[in-house]
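Dumped entry-v1.pdb below, it's PDB, C-alpha atoms:
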```
MODEL        1
ATOM      1  CA  MET D  20     256.080 -47.008 -10.872  1.00  0.00           C
ATOM      2  CA  THR D  21     253.349 -46.053 -13.198  1.00  0.00           C
ATOM      3  CA  ARG D  22     252.188 -42.496 -13.498  1.00  0.00           C
ATOM      4  CA  VAL D  23     249.054 -41.713 -11.556  1.00  0.00           C
ATOM      5  CA  PRO D  24     246.771 -39.131 -13.150  1.00  0.00           C
ATOM      6  CA  ARG D  25     245.793 -36.679 -10.431  1.00  0.00           C
ATOM      7  CA  GLY D  26     242.365 -35.229  -9.938  1.00  0.00           C
ATOM      8  CA  TYR D  27     241.195 -31.753 -10.779  1.00  0.00           C
ATOM      9  CA  ILE D  28     241.338 -30.273  -7.238  1.00  0.00           C
ATOM     10  CA  ALA D  29     244.999 -29.219  -7.317  1.00  0.00           C
ATOM     11  CA  ARG D  30     244.625 -27.857 -10.833  1.00  0.00           C
ATOM     12  CA  ARG D  31     241.560 -25.883  -9.788  1.00  0.00           C
ATOM     13  CA  ARG D  32     243.464 -24.429  -6.819  1.00  0.00           C
ATOM     14  CA  ARG D  33     246.382 -23.428  -9.032  1.00  0.00           C
ATOM     15  CA  THR D  34     244.200 -21.842 -11.680  1.00  0.00           C
ATOM     16  CA  LYS D  35     242.435 -19.832  -9.000  1.00  0.00           C
ATOM     17  CA  MET D  36     245.778 -18.542  -7.739  1.00  0.00           C
ATOM     18  CA  ARG D  37     246.836 -17.884 -11.326  1.00  0.00           C
ATOM     19  CA  SER D  38     243.730 -15.762 -11.880  1.00  0.00           C
ATOM     20  CA  PHE D  39     244.775 -13.542  -8.948  1.00  0.00           C
ATOM     21  CA  ALA D  40     248.240 -13.169 -10.494  1.00  0.00           C
ATOM     22  CA  SER D  41     247.048 -12.192 -13.956  1.00  0.00           C
ATOM     23  CA  ASN D  42     248.677  -8.746 -13.824  1.00  0.00           C
ATOM     24  CA  PHE D  43     252.020  -9.868 -12.443  1.00  0.00           C
ATOM     25  CA  ARG D  44     255.199  -9.992 -14.554  1.00  0.00           C
ATOM     26  CA  GLY D  45     257.857 -12.570 -15.283  1.00  0.00           C
ATOM     27  CA  ALA D  46     258.202 -15.611 -13.047  1.00  0.00           C
ATOM     28  CA  HIS D  47     255.551 -14.203 -10.711  1.00  0.00           C
ATOM     29  CA  LEU D  48     253.078 -14.884 -13.489  1.00  0.00           C
ATOM     30  CA  ARG D  49     254.421 -18.209 -14.777  1.00  0.00           C
ATOM     31  CA  LEU D  50     255.692 -20.384 -11.911  1.00  0.00           C
ATOM     32  CA  ASN D  51     253.172 -21.895  -9.522  1.00  0.00           C
ATOM     33  CA  ARG D  52     255.283 -21.609  -6.383  1.00  0.00           C
ATOM     34  CA  MET D  53     256.147 -17.999  -7.131  1.00  0.00           C
ATOM     35  CA  ILE D  54     252.511 -17.255  -7.896  1.00  0.00           C
ATOM     36  CA  THR D  55     251.335 -18.549  -4.518  1.00  0.00           C
ATOM     37  CA  GLN D  56     254.033 -16.614  -2.661  1.00  0.00           C
ATOM     38  CA  GLN D  57     253.361 -13.370  -4.475  1.00  0.00           C
ATOM     39  CA  VAL D  58     249.580 -13.641  -4.220  1.00  0.00           C
ATOM     40  CA  LYS D  59     249.821 -14.227  -0.466  1.00  0.00           C
ATOM     41  CA  ARG D  60     252.132 -11.245  -0.182  1.00  0.00           C
ATOM     42  CA  ALA D  61     249.753  -9.109  -2.243  1.00  0.00           C
ATOM     43  CA  PHE D  62     246.817 -10.079  -0.015  1.00  0.00           C
ATOM     44  CA  VAL D  63     248.802  -9.169   3.110  1.00  0.00           C
ATOM     45  CA  SER D  64     249.741  -5.822   1.603  1.00  0.00           C
ATOM     46  CA  SER D  65     246.186  -5.036   0.531  1.00  0.00           C
ATOM     47  CA  HIS D  66     244.816  -5.926   3.964  1.00  0.00           C
ATOM     48  CA  ARG D  67     247.433  -3.763   5.692  1.00  0.00           C
ATOM     49  CA  ASP D  68     247.017  -0.851   3.300  1.00  0.00           C
ATOM     50  CA  ARG D  69     243.250  -0.650   3.653  1.00  0.00           C
ATOM     51  CA  GLY D  70     243.760   0.553   7.214  1.00  0.00           C
ATOM     52  CA  ARG D  71     246.693   2.731   6.188  1.00  0.00           C
ATOM     53  CA  GLN D  72     244.598   4.359   3.471  1.00  0.00           C
ATOM     54  CA  LYS D  73     241.994   5.419   6.024  1.00  0.00           C
ATOM     55  CA  ARG D  74     244.731   6.942   8.190  1.00  0.00           C
ATOM     56  CA  ASP D  75     246.315   8.727   5.248  1.00  0.00           C
ATOM     57  CA  PHE D  76     243.062  10.262   4.075  1.00  0.00           C
ATOM     58  CA  ARG D  77     242.203  11.422   7.590  1.00  0.00           C
ATOM     59  CA  ARG D  78     245.639  13.091   7.835  1.00  0.00           C
ATOM     60  CA  LEU D  79     245.097  14.732   4.445  1.00  0.00           C
ATOM     61  CA  TRP D  80     241.685  16.092   5.465  1.00  0.00           C
ATOM     62  CA  ILE D  81     243.050  17.435   8.750  1.00  0.00           C
ATOM     63  CA  THR D  82     245.924  19.132   6.917  1.00  0.00           C
ATOM     64  CA  ARG D  83     243.547  20.750   4.419  1.00  0.00           C
ATOM     65  CA  ILE D  84     241.189  21.988   7.116  1.00  0.00           C
ATOM     66  CA  ASN D  85     244.065  23.352   9.167  1.00  0.00           C
ATOM     67  CA  ALA D  86     245.551  25.159   6.165  1.00  0.00           C
ATOM     68  CA  ALA D  87     242.202  26.674   5.211  1.00  0.00           C
ATOM     69  CA  THR D  88     241.407  27.840   8.739  1.00  0.00           C
ATOM     70  CA  ARG D  89     244.791  29.550   9.007  1.00  0.00           C
ATOM     71  CA  ILE D  90     244.828  31.051   5.487  1.00  0.00           C
ATOM     72  CA  TYR D  91     241.286  32.400   5.610  1.00  0.00           C
ATOM     73  CA  LYS D  92     241.588  33.262   9.317  1.00  0.00           C
ATOM     74  CA  VAL D  93     238.433  31.408  10.258  1.00  0.00           C
ATOM     75  CA  PHE D  94     239.975  30.277  13.543  1.00  0.00           C
ATOM     76  CA  ASP D  95     243.493  30.277  14.925  1.00  0.00           C
ATOM     77  CA  SER D  96     243.944  26.568  14.330  1.00  0.00           C
ATOM     78  CA  TYR D  97     242.282  23.341  13.322  1.00  0.00           C
ATOM     79  CA  SER D  98     241.982  22.147  16.908  1.00  0.00           C
ATOM     80  CA  LYS D  99     240.000  25.228  17.979  1.00  0.00           C
ATOM     81  CA  LEU D 100     237.643  24.820  15.034  1.00  0.00           C
ATOM     82  CA  ILE D 101     236.974  21.163  15.810  1.00  0.00           C
ATOM     83  CA  HIS D 102     236.636  21.888  19.528  1.00  0.00           C
ATOM     84  CA  ASN D 103     234.008  24.549  18.877  1.00  0.00           C
ATOM     85  CA  LEU D 104     232.177  22.336  16.396  1.00  0.00           C
ATOM     86  CA  TYR D 105     231.872  19.600  19.002  1.00  0.00           C
ATOM     87  CA  LYS D 106     230.960  22.089  21.707  1.00  0.00           C
ATOM     88  CA  LYS D 107     228.112  23.487  19.615  1.00  0.00           C
ATOM     89  CA  LYS D 108     227.057  20.010  18.443  1.00  0.00           C
ATOM     90  CA  LEU D 109     227.477  20.787  14.750  1.00  0.00           C
ATOM     91  CA  ILE D 110     228.163  17.314  13.395  1.00  0.00           C
ATOM     92  CA  LEU D 111     230.380  17.614  10.332  1.00  0.00           C
ATOM     93  CA  ASN D 112     232.961  15.003   9.546  1.00  0.00           C
ATOM     94  CA  ARG D 113     236.469  15.895   8.462  1.00  0.00           C
ATOM     95  CA  LYS D 114     235.921  14.724   4.904  1.00  0.00           C
ATOM     96  CA  MET D 115     233.050  17.168   4.428  1.00  0.00           C
ATOM     97  CA  LEU D 116     234.926  20.010   6.111  1.00  0.00           C
ATOM     98  CA  ALA D 117     237.978  19.427   3.920  1.00  0.00           C
ATOM     99  CA  GLN D 118     235.814  19.423   0.802  1.00  0.00           C
ATOM    100  CA  VAL D 119     234.189  22.686   1.858  1.00  0.00           C
ATOM    101  CA  ALA D 120     237.561  24.225   2.716  1.00  0.00           C
ATOM    102  CA  VAL D 121     239.039  23.350  -0.681  1.00  0.00           C
ATOM    103  CA  SER D 122     236.100  23.983  -2.989  1.00  0.00           C
ATOM    104  CA  ASN D 123     234.280  26.900  -1.357  1.00  0.00           C
ATOM    105  CA  PRO D 124     235.943  28.780   1.522  1.00  0.00           C
ATOM    106  CA  ASN D 125     232.922  31.106   1.857  1.00  0.00           C
ATOM    107  CA  ASN D 126     230.958  28.203   3.275  1.00  0.00           C
ATOM    108  CA  LEU D 127     233.725  27.729   5.819  1.00  0.00           C
ATOM    109  CA  TYR D 128     233.046  31.294   6.921  1.00  0.00           C
ATOM    110  CA  THR D 129     229.341  30.554   7.326  1.00  0.00           C
ATOM    111  CA  ILE D 130     230.128  27.487   9.427  1.00  0.00           C
ATOM    112  CA  SER D 131     232.437  29.522  11.642  1.00  0.00           C
ATOM    113  CA  ASN D 132     229.797  32.248  11.951  1.00  0.00           C
ATOM    114  CA  LYS D 133     227.280  29.633  13.089  1.00  0.00           C
ATOM    115  CA  ILE D 134     229.722  28.598  15.794  1.00  0.00           C
ATOM    116  CA  LYS D 135     230.379  32.174  16.887  1.00  0.00           C
ATOM    117  CA  ILE D 136     226.689  33.206  16.889  1.00  0.00           C
ATOM    118  CA  ILE D 137     225.710  30.309  19.130  1.00  0.00           C
ATOM    119  CA  ASN D 138     228.305  31.474  21.666  1.00  0.00           C
TER     120      ASN D 138
ENDMDL
END
```
Written as structure tokens, how would this file's structure read?
Amino acid sequence: MTRVPRGYIARRRRTKMRSFASNFRGAHLRLNRMITQQVKRAFVSSHRDRGRQKRDFRRLWITRINAATRIYKVFDSYSKLIHNLYKKKLILNRKMLAQVAVSNPNNLYTISNKIKIIN
């Protein structure tokens, strides 16, 4: 049989996959089948880890707030601080509270005083 020159569609698909794999090493960069497998795996990992990253950062912020509240004796625990914040309708997210707790603990005192004064 004579050789049939194929169109550009498959080549375009492969070059697109190859562009995703530009930072891979070895066969994962050179062989088309390996490239498609590894790119699919990388997309699955990135999709999964976007949610995991949000969880991890939330855990980090909670840990920082808890440590600061115990070290500086603002409240007995993180849960009491958050409970009182919600009770007094002071809307501060955990990211902001963690930033305040790490960078400037005096502001954490002012926040806790606001909670205690409203009582």
Contact residues around D:Lys114 with only C-alpha atoms at 9 Å, ignoring same-chain residues under 5 positions, as an MDAnalysis selection string: chainID D and resid 76:77 80:81 119
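Using all atoms listed in the file, the shortest contact distance between D:Arg78 and any of D:Arg113, D:Lys133, D:Lys106, D:Arg33 is found at D:Arg113.
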For a test of reading the model, state the distance in Å between atom CA of D:Ala29 and atom CA of D:His66, rounded to one decimal. 25.9 Å
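Note that atom CA of D:Ala61 and atom CA of D:Ser41 are 12.4 Å apart.
Counting from atom CA of D:Asn42, the distance to atom CA of D:Lys73 is 25.3 Å.
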Test item: which residues lie within 10 Å of (244.8, 19.8, 10.5) counting only C-alpha atoms, as a PyMOL selection string: chain D and resi 77-89+96-98+100-101+113+117
Output C-alpha atoms for every residue in the selection just made, as an mmCIF file, in the coordinates of the input.
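The resulting file, part21.cif, is reproduced below:
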```
data_model
loop_
_atom_site.group_PDB
_atom_site.id
_atom_site.type_symbol
_atom_site.label_atom_id
_atom_site.label_comp_id
_atom_site.auth_asym_id
_atom_site.auth_seq_id
_atom_site.Cartn_x
_atom_site.Cartn_y
_atom_site.Cartn_z
ATOM 1 C CA ARG D 77 242.203 11.422 7.590
ATOM 2 C CA ARG D 78 245.639 13.091 7.835
ATOM 3 C CA LEU D 79 245.097 14.732 4.445
ATOM 4 C CA TRP D 80 241.685 16.092 5.465
ATOM 5 C CA ILE D 81 243.050 17.435 8.750
ATOM 6 C CA THR D 82 245.924 19.132 6.917
ATOM 7 C CA ARG D 83 243.547 20.750 4.419
ATOM 8 C CA ILE D 84 241.189 21.988 7.116
ATOM 9 C CA ASN D 85 244.065 23.352 9.167
ATOM 10 C CA ALA D 86 245.551 25.159 6.165
ATOM 11 C CA ALA D 87 242.202 26.674 5.211
ATOM 12 C CA THR D 88 241.407 27.840 8.739
ATOM 13 C CA ARG D 89 244.791 29.550 9.007
ATOM 14 C CA SER D 96 243.944 26.568 14.330
ATOM 15 C CA TYR D 97 242.282 23.341 13.322
ATOM 16 C CA SER D 98 241.982 22.147 16.908
ATOM 17 C CA LEU D 100 237.643 24.820 15.034
ATOM 18 C CA ILE D 101 236.974 21.163 15.810
ATOM 19 C CA ARG D 113 236.469 15.895 8.462
ATOM 20 C CA ALA D 117 237.978 19.427 3.920
#
```
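Minimum distance to D:Ala120 across D:Ile90, D:Gly70, D:Lys99, D:Leu104 (counting only C-alpha atoms) occurs at D:Ile90.
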For D:Phe62, the nearest of the candidates D:Pro24, D:Ser122, D:Tyr105, D:Met36, counting only C-alpha atoms: D:Met36
Name the residues within 12 Å of (254.4, -11.6, -5.1), counting only C-alpha atoms in the file's coordinates, and put them as a ChimeraX atom specification. /D:36-37,39-65
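Residue nearest D:Ile130, chosen from D:Arg71, D:Leu111, D:Thr21, D:Asp95 and counting all atoms listed in the file: D:Leu111.
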Enclose stretch 41-45 of chain D, meaning all of its atoms listed in the file, in a box aligned along x, y and z, pad it by 4 Å on each side, and list the centre and edge lengths in Å to one decimal, as lines of an AutoDock Vina configuration file.
```
center_x = 252.5
center_y = -10.7
center_z = -13.9
size_x = 18.8
size_y = 11.8
size_z = 10.8
```
